[in-house]
Amino acid sequence: MTASDGKGPYRQAQFDPLAELRRSDDPPWDVYLTGTVFLDIIFTGLDSAPVRGTESWARGMGSSPGGVANMATALARLGLRTSLAAAFGDDHYGEYCWDALEQGEHIDLSASRTEPGWHSPVTVSMAYEGERTMVSHGHEPPPEEPAPDCSPRARAAVASLTPGTSAHWIAGAAERGTRIFADVGWDDTGRWDLAGLPDLRYCEAFLPNAEEAMRYTGAPTPRAAAHALTEHVPLAVVTLGAEGAYAVDRRTGETAEVPAIEVEAMDPTGAGDVFVAGFVTGTLAGWPLADRLAFAGLTAALSVQEFGGSLSAPGWSEIAAWWRRVQSYDDQDPAALGRYAFLEPLLPATARTWPLRRAVPTIGFRASA
């Protein structure tokens, strides 16, 4: 089922987490983001890492949009009206990614463009032993920035901060009332200087992993790093890997820590993006901090049980199925189960009305009539 507000299409999820908050004068989009879309080719079922001079066979393979598409898809599948600005190649890979995002996920691409003569970036990901190894290829990006100087009106935006650079759209969006959520990649310069993240001052929340948080603050532990980060941003969320996540809200003085959910991981690609999408969803919906952390961790855990970054993201029906299933086990810890009781009034009572796309082995395959 699709609908349009005049600015672009969006999918009607089975549950709208912002339904009670929506007003006629709302921004047209819940979340805006920009970045590079990759074509991801994922090999799964490898017994070990590839060995030099040998040939390895994977038991599974899939293709899906990757890069910033991981975050955009995760947001859209959680019911947020999502707008993406990105450049797409005019090759078959670019056409596939555009169709998968616009037609398959109903993400608004009105701020995106197709770049003639530009080859789509490609990442090959190999998943084994719960980890992944990636090889990427891409040509020089198009000279024109994919992000417009003035981003569309949105409740929130997700930005990936790059050490030593500033994205002009972030300041403008924040000044217009958009709430900025930011993550960051590895600092290849080795400086790990928060002054090198000039756009952090416009952000409401910063979500680094434990190693990044400690390196940027010099703190001895991830939790101490989270507190130190609140000197620079109102809300700090530090992911702790298998230990879960820890968050500090400077404005309220609230802290929260939620353990990770143990699952058998098939492919961790995009799990961090799904975590951020879950946290953004809960924040915009006004949930308590601990519930936001729990929801983010749950969505990330569900995503790693499928392969393919963007198309492994869960929707509300997958979340509902998990909740019904874990309640059926007699040996569940009541306290652990109670951590997710807030989900009960949110989840659809019936099966999904539309199937979620998953990563496909062959791009361009057409089933016979």
# chains A, B, ... in the order shown; residues from 1 in each chain; ligands from 1

$ select_by_dssp --residues "range 9-161 of chain A" --states "strand (DSSP E or B)" --output "PyMOL selection string"
chain A and resi 9-11+29-34+37-44+60-67+82-85+87-89+108+113-115+122-128+131-137+154-161

$ residues_around --residues "Gly278 in chain A" --least-positions-apart "6" --cutoff "7 Å" --atoms "only C-alpha atoms" --output "PyMOL selection string"
chain A and resi 295-296+299

$ write_last_selection --atoms "N, CA and C atoms" --output "PDB file, in the first residue's frame"
ATOM      1  N   PHE A 295      14.888  -0.973  21.881  1.00  0.00           N
ATOM      2  CA  PHE A 295      14.315  -1.119  20.543  1.00  0.00           C
ATOM      3  C   PHE A 295      15.408  -1.098  19.486  1.00  0.00           C
ATOM      4  N   ALA A 296      16.356  -0.195  19.621  1.00  0.00           N
ATOM      5  CA  ALA A 296      17.455  -0.116  18.657  1.00  0.00           C
ATOM      6  C   ALA A 296      18.248  -1.415  18.635  1.00  0.00           C
ATOM      7  N   THR A 299      16.114  -4.267  16.905  1.00  0.00           N
ATOM      8  CA  THR A 299      16.055  -4.194  15.446  1.00  0.00           C
ATOM      9  C   THR A 299      17.391  -4.585  14.825  1.00  0.00           C
TER      10      THR A 299
END

$ residues_around --residues "Phe15 in chain A" --least-positions-apart "5" --cutoff "10 Å" --atoms "only C-alpha atoms" --output "number ranges by chain"
A: 77-80, 315-317, 346-348

$ write_last_selection --atoms "C-alpha atoms" --output "compact mmCIF listing (two decimals), in the first residue's frame"
# COMPACT_ATOMS: atom_id res chain seq x y z
CA ARG A 77 10.55 -0.10 7.24
CA LEU A 78 9.90 1.27 10.73
CA GLY A 79 7.21 3.55 9.35
CA LEU A 80 9.15 6.81 9.06
CA GLY A 315 9.63 -4.24 9.73
CA TRP A 316 6.98 -4.20 12.42
CA SER A 317 5.73 -7.67 11.53
CA LEU A 346 2.63 -1.05 19.40
CA LEU A 347 2.74 -4.27 17.43
CA PRO A 348 0.39 -5.43 14.69

$ closest_residue --among "A:Ala19, A:Ile319, A:Leu311, A:Ala182" --to "Ala156 in chain A" --atoms "only C-alpha atoms"
A:Ala182

$ atom_distance --atom1 "CA of Thr230 in chain A" --atom2 "CA of Thr189 in chain A"
23.6 Å

$ residues_around --residues "range 327-343 of chain A" --least-positions-apart "4" --cutoff "10 Å" --atoms "only C-alpha atoms" --output "PyMOL selection string"
chain A and resi 258-259+261+287+290-291+294-295+298+319-320+322-323+347

$ closest_residue --among "A:Gly270, A:Gly89, A:Gly286, A:Gly35" --to "Pro314 in chain A" --atoms "only C-alpha atoms"
A:Gly270

$ residues_around --residues "Ala154 in chain A" --least-positions-apart "6" --cutoff "6 Å" --atoms "only C-alpha atoms" --output "list in words"
Pro27, Trp29, Asp30, Val31 and Thr178 of chain A

$ residues_around --residues "Met71 in chain A" --least-positions-apart "4" --cutoff "10 Å" --atoms "only C-alpha atoms" --output "NGL selection string"
:A and (33-34 or 66-67 or 75-76 or 82 or 84 or 158 or 270-278 or 309-310 or 313)

$ write_last_selection --atoms "N, CA, C and O atoms" --output "PDB file, in the first residue's frame"
ATOM      1  N   LEU A  33      18.263  12.119   4.861  1.00  0.00           N
ATOM      2  CA  LEU A  33      19.674  11.723   4.916  1.00  0.00           C
ATOM      3  C   LEU A  33      20.277  11.771   3.523  1.00  0.00           C
ATOM      4  O   LEU A  33      19.561  11.787   2.510  1.00  0.00           O
ATOM      5  N   THR A  34      21.583  11.832   3.495  1.00  0.00           N
ATOM      6  CA  THR A  34      22.304  11.888   2.233  1.00  0.00           C
ATOM      7  C   THR A  34      23.592  11.088   2.357  1.00  0.00           C
ATOM      8  O   THR A  34      24.103  10.877   3.455  1.00  0.00           O
ATOM      9  N   GLY A  66      23.339  -0.793  -0.846  1.00  0.00           N
ATOM     10  CA  GLY A  66      24.112  -0.663   0.381  1.00  0.00           C
ATOM     11  C   GLY A  66      24.519   0.764   0.623  1.00  0.00           C
ATOM     12  O   GLY A  66      23.987   1.700   0.024  1.00  0.00           O
ATOM     13  N   GLY A  67      25.498   0.970   1.493  1.00  0.00           N
ATOM     14  CA  GLY A  67      25.913   2.320   1.856  1.00  0.00           C
ATOM     15  C   GLY A  67      24.812   3.022   2.625  1.00  0.00           C
ATOM     16  O   GLY A  67      24.201   2.457   3.536  1.00  0.00           O
ATOM     17  N   LEU A  75      14.912   2.932   8.243  1.00  0.00           N
ATOM     18  CA  LEU A  75      13.985   3.968   8.688  1.00  0.00           C
ATOM     19  C   LEU A  75      12.609   3.790   8.054  1.00  0.00           C
ATOM     20  O   LEU A  75      11.580   3.856   8.733  1.00  0.00           O
ATOM     21  N   ALA A  76      12.605   3.564   6.741  1.00  0.00           N
ATOM     22  CA  ALA A  76      11.332   3.422   6.035  1.00  0.00           C
ATOM     23  C   ALA A  76      10.549   2.213   6.528  1.00  0.00           C
ATOM     24  O   ALA A  76       9.323   2.260   6.661  1.00  0.00           O
ATOM     25  N   THR A  82      10.715   8.828   4.751  1.00  0.00           N
ATOM     26  CA  THR A  82      12.157   8.991   4.600  1.00  0.00           C
ATOM     27  C   THR A  82      12.504   9.585   3.247  1.00  0.00           C
ATOM     28  O   THR A  82      12.020   9.119   2.205  1.00  0.00           O
ATOM     29  N   LEU A  84      15.821  10.690   0.767  1.00  0.00           N
ATOM     30  CA  LEU A  84      17.249  10.439   0.551  1.00  0.00           C
ATOM     31  C   LEU A  84      17.768  11.250  -0.620  1.00  0.00           C
ATOM     32  O   LEU A  84      17.166  11.264  -1.702  1.00  0.00           O
ATOM     33  N   VAL A 158      19.774  12.225   9.645  1.00  0.00           N
ATOM     34  CA  VAL A 158      20.889  11.393  10.090  1.00  0.00           C
ATOM     35  C   VAL A 158      22.110  11.784   9.278  1.00  0.00           C
ATOM     36  O   VAL A 158      22.079  11.784   8.045  1.00  0.00           O
ATOM     37  N   GLY A 270      25.345  -3.711   7.993  1.00  0.00           N
ATOM     38  CA  GLY A 270      24.265  -2.748   8.188  1.00  0.00           C
ATOM     39  C   GLY A 270      23.641  -2.745   9.566  1.00  0.00           C
ATOM     40  O   GLY A 270      22.734  -1.955   9.827  1.00  0.00           O
ATOM     41  N   ALA A 271      24.106  -3.589  10.482  1.00  0.00           N
ATOM     42  CA  ALA A 271      23.488  -3.662  11.809  1.00  0.00           C
ATOM     43  C   ALA A 271      23.586  -2.332  12.553  1.00  0.00           C
ATOM     44  O   ALA A 271      22.658  -1.926  13.258  1.00  0.00           O
ATOM     45  N   GLY A 272      24.722  -1.647  12.404  1.00  0.00           N
ATOM     46  CA  GLY A 272      24.867  -0.352  13.053  1.00  0.00           C
ATOM     47  C   GLY A 272      23.877   0.667  12.534  1.00  0.00           C
ATOM     48  O   GLY A 272      23.336   1.482  13.298  1.00  0.00           O
ATOM     49  N   ASP A 273      23.613   0.636  11.231  1.00  0.00           N
ATOM     50  CA  ASP A 273      22.631   1.549  10.644  1.00  0.00           C
ATOM     51  C   ASP A 273      21.232   1.253  11.167  1.00  0.00           C
ATOM     52  O   ASP A 273      20.449   2.168  11.438  1.00  0.00           O
ATOM     53  N   VAL A 274      20.904  -0.032  11.287  1.00  0.00           N
ATOM     54  CA  VAL A 274      19.588  -0.410  11.800  1.00  0.00           C
ATOM     55  C   VAL A 274      19.449   0.038  13.256  1.00  0.00           C
ATOM     56  O   VAL A 274      18.382   0.491  13.680  1.00  0.00           O
ATOM     57  N   PHE A 275      20.527  -0.074  14.034  1.00  0.00           N
ATOM     58  CA  PHE A 275      20.499   0.401  15.424  1.00  0.00           C
ATOM     59  C   PHE A 275      20.157   1.888  15.469  1.00  0.00           C
ATOM     60  O   PHE A 275      19.279   2.317  16.238  1.00  0.00           O
ATOM     61  N   VAL A 276      20.840   2.685  14.651  1.00  0.00           N
ATOM     62  CA  VAL A 276      20.572   4.124  14.632  1.00  0.00           C
ATOM     63  C   VAL A 276      19.127   4.390  14.218  1.00  0.00           C
ATOM     64  O   VAL A 276      18.435   5.231  14.810  1.00  0.00           O
ATOM     65  N   ALA A 277      18.638   3.678  13.203  1.00  0.00           N
ATOM     66  CA  ALA A 277      17.261   3.872  12.744  1.00  0.00           C
ATOM     67  C   ALA A 277      16.264   3.571  13.849  1.00  0.00           C
ATOM     68  O   ALA A 277      15.277   4.294  14.040  1.00  0.00           O
ATOM     69  N   GLY A 278      16.506   2.494  14.605  1.00  0.00           N
ATOM     70  CA  GLY A 278      15.618   2.170  15.712  1.00  0.00           C
ATOM     71  C   GLY A 278      15.647   3.234  16.792  1.00  0.00           C
ATOM     72  O   GLY A 278      14.602   3.592  17.361  1.00  0.00           O
ATOM     73  N   GLY A 309      22.725  -5.910   3.636  1.00  0.00           N
ATOM     74  CA  GLY A 309      22.613  -4.779   4.543  1.00  0.00           C
ATOM     75  C   GLY A 309      21.249  -4.136   4.588  1.00  0.00           C
ATOM     76  O   GLY A 309      20.545  -4.207   5.595  1.00  0.00           O
ATOM     77  N   SER A 310      20.830  -3.488   3.501  1.00  0.00           N
ATOM     78  CA  SER A 310      19.580  -2.735   3.538  1.00  0.00           C
ATOM     79  C   SER A 310      18.360  -3.642   3.641  1.00  0.00           C
ATOM     80  O   SER A 310      17.439  -3.385   4.423  1.00  0.00           O
ATOM     81  N   ALA A 313      16.859  -5.316   7.023  1.00  0.00           N
ATOM     82  CA  ALA A 313      16.219  -4.526   8.073  1.00  0.00           C
ATOM     83  C   ALA A 313      14.821  -5.058   8.357  1.00  0.00           C
ATOM     84  O   ALA A 313      14.068  -5.369   7.437  1.00  0.00           O
TER      85      ALA A 313
END

$ select_by_dssp --residues "range 45-213 of chain A" --states "alpha helix (DSSP H)" --output "PyMOL selection string"
chain A and resi 68-77+92-99+168-175+210-213

$ write_last_selection --atoms "N, CA, C and O atoms" --output "compact mmCIF listing (two decimals), in the first residue's frame"
# COMPACT_ATOMS: atom_id res chain seq x y z
N VAL A 68 24.49 4.25 2.24
CA VAL A 68 23.45 5.01 2.93
C VAL A 68 22.08 4.37 2.76
O VAL A 68 21.16 4.63 3.54
N ALA A 69 21.93 3.48 1.77
CA ALA A 69 20.65 2.79 1.58
C ALA A 69 20.32 1.90 2.78
O ALA A 69 19.14 1.63 3.04
N ASN A 70 21.33 1.43 3.51
CA ASN A 70 21.06 0.62 4.70
C ASN A 70 20.22 1.41 5.70
O ASN A 70 19.22 0.91 6.23
N MET A 71 20.64 2.63 5.99
CA MET A 71 19.94 3.46 6.95
C MET A 71 18.56 3.88 6.42
O MET A 71 17.56 3.83 7.15
N ALA A 72 18.51 4.29 5.16
CA ALA A 72 17.25 4.75 4.59
C ALA A 72 16.19 3.66 4.62
O ALA A 72 15.03 3.89 4.98
N THR A 73 16.58 2.44 4.26
CA THR A 73 15.62 1.34 4.25
C THR A 73 15.16 0.99 5.66
O THR A 73 13.97 0.74 5.89
N ALA A 74 16.09 0.97 6.61
CA ALA A 74 15.72 0.65 7.99
C ALA A 74 14.72 1.66 8.53
O ALA A 74 13.75 1.29 9.21
N LEU A 75 14.91 2.93 8.24
CA LEU A 75 13.99 3.97 8.69
C LEU A 75 12.61 3.79 8.05
O LEU A 75 11.58 3.86 8.73
N ALA A 76 12.60 3.56 6.74
CA ALA A 76 11.33 3.42 6.04
C ALA A 76 10.55 2.21 6.53
O ALA A 76 9.32 2.26 6.66
N ARG A 77 11.23 1.11 6.80
CA ARG A 77 10.55 -0.10 7.24
C ARG A 77 9.98 0.03 8.65
O ARG A 77 9.12 -0.75 9.04
N HIS A 92 23.28 -0.45 -14.92
CA HIS A 92 22.22 -1.32 -14.44
C HIS A 92 22.21 -1.41 -12.92
O HIS A 92 21.14 -1.52 -12.30
N TYR A 93 23.40 -1.34 -12.31
CA TYR A 93 23.45 -1.37 -10.85
C TYR A 93 22.70 -0.17 -10.26
O TYR A 93 21.96 -0.30 -9.28
N GLY A 94 22.93 1.01 -10.84
CA GLY A 94 22.26 2.21 -10.35
C GLY A 94 20.76 2.12 -10.54
O GLY A 94 19.98 2.52 -9.68
N GLU A 95 20.33 1.61 -11.69
CA GLU A 95 18.90 1.45 -11.94
C GLU A 95 18.27 0.50 -10.94
O GLU A 95 17.16 0.75 -10.43
N TYR A 96 18.96 -0.59 -10.64
CA TYR A 96 18.45 -1.55 -9.68
C TYR A 96 18.31 -0.92 -8.30
O TYR A 96 17.29 -1.07 -7.62
N CYS A 97 19.35 -0.19 -7.85
CA CYS A 97 19.31 0.42 -6.53
C CYS A 97 18.20 1.47 -6.45
O CYS A 97 17.47 1.54 -5.43
N TRP A 98 18.06 2.27 -7.48
CA TRP A 98 16.99 3.30 -7.49
C TRP A 98 15.62 2.63 -7.39
O TRP A 98 14.78 3.03 -6.57
N ASP A 99 15.40 1.60 -8.20
CA ASP A 99 14.10 0.92 -8.18
C ASP A 99 13.84 0.25 -6.84
O ASP A 99 12.73 0.32 -6.30
N HIS A 168 27.61 21.53 4.72
CA HIS A 168 26.89 22.80 4.88
C HIS A 168 25.41 22.60 5.20
O HIS A 168 24.80 23.40 5.91
N TRP A 169 24.83 21.51 4.71
CA TRP A 169 23.40 21.33 4.91
C TRP A 169 23.03 21.08 6.36
O TRP A 169 21.90 21.36 6.79
N ILE A 170 23.97 20.57 7.17
CA ILE A 170 23.66 20.21 8.55
C ILE A 170 23.30 21.44 9.37
O ILE A 170 22.28 21.46 10.08
N ALA A 171 24.09 22.50 9.27
CA ALA A 171 23.81 23.72 10.03
C ALA A 171 22.47 24.30 9.61
O ALA A 171 21.67 24.71 10.47
N GLY A 172 22.20 24.34 8.31
CA GLY A 172 20.94 24.90 7.83
C GLY A 172 19.74 24.10 8.32
O GLY A 172 18.71 24.66 8.72
N ALA A 173 19.87 22.78 8.27
CA ALA A 173 18.78 21.93 8.73
C ALA A 173 18.51 22.13 10.21
O ALA A 173 17.36 22.23 10.65
N ALA A 174 19.58 22.19 11.01
CA ALA A 174 19.42 22.38 12.45
C ALA A 174 18.76 23.72 12.75
O ALA A 174 17.91 23.83 13.64
N GLU A 175 19.13 24.76 12.02
CA GLU A 175 18.54 26.08 12.24
C GLU A 175 17.05 26.10 11.93
O GLU A 175 16.30 26.88 12.51
N ALA A 210 32.12 1.96 20.94
CA ALA A 210 32.92 2.12 22.15
C ALA A 210 34.34 2.58 21.85
O ALA A 210 34.87 3.49 22.51
N GLU A 211 34.98 1.97 20.85
CA GLU A 211 36.36 2.32 20.53
C GLU A 211 36.45 3.76 20.05
O GLU A 211 37.36 4.52 20.46
N GLU A 212 35.53 4.17 19.19
CA GLU A 212 35.53 5.55 18.70
C GLU A 212 35.31 6.53 19.84
O GLU A 212 35.99 7.56 19.93
N ALA A 213 34.36 6.23 20.72
CA ALA A 213 34.05 7.13 21.84
C ALA A 213 35.26 7.31 22.75
O ALA A 213 35.57 8.43 23.18

$ atom_distance --atom1 "CA of Pro220 in chain A" --atom2 "CA of Gly190 in chain A"
17.7 Å

$ atom_distance --atom1 "CA of Trp118 in chain A" --atom2 "CA of Ala87 in chain A"
9.1 Å
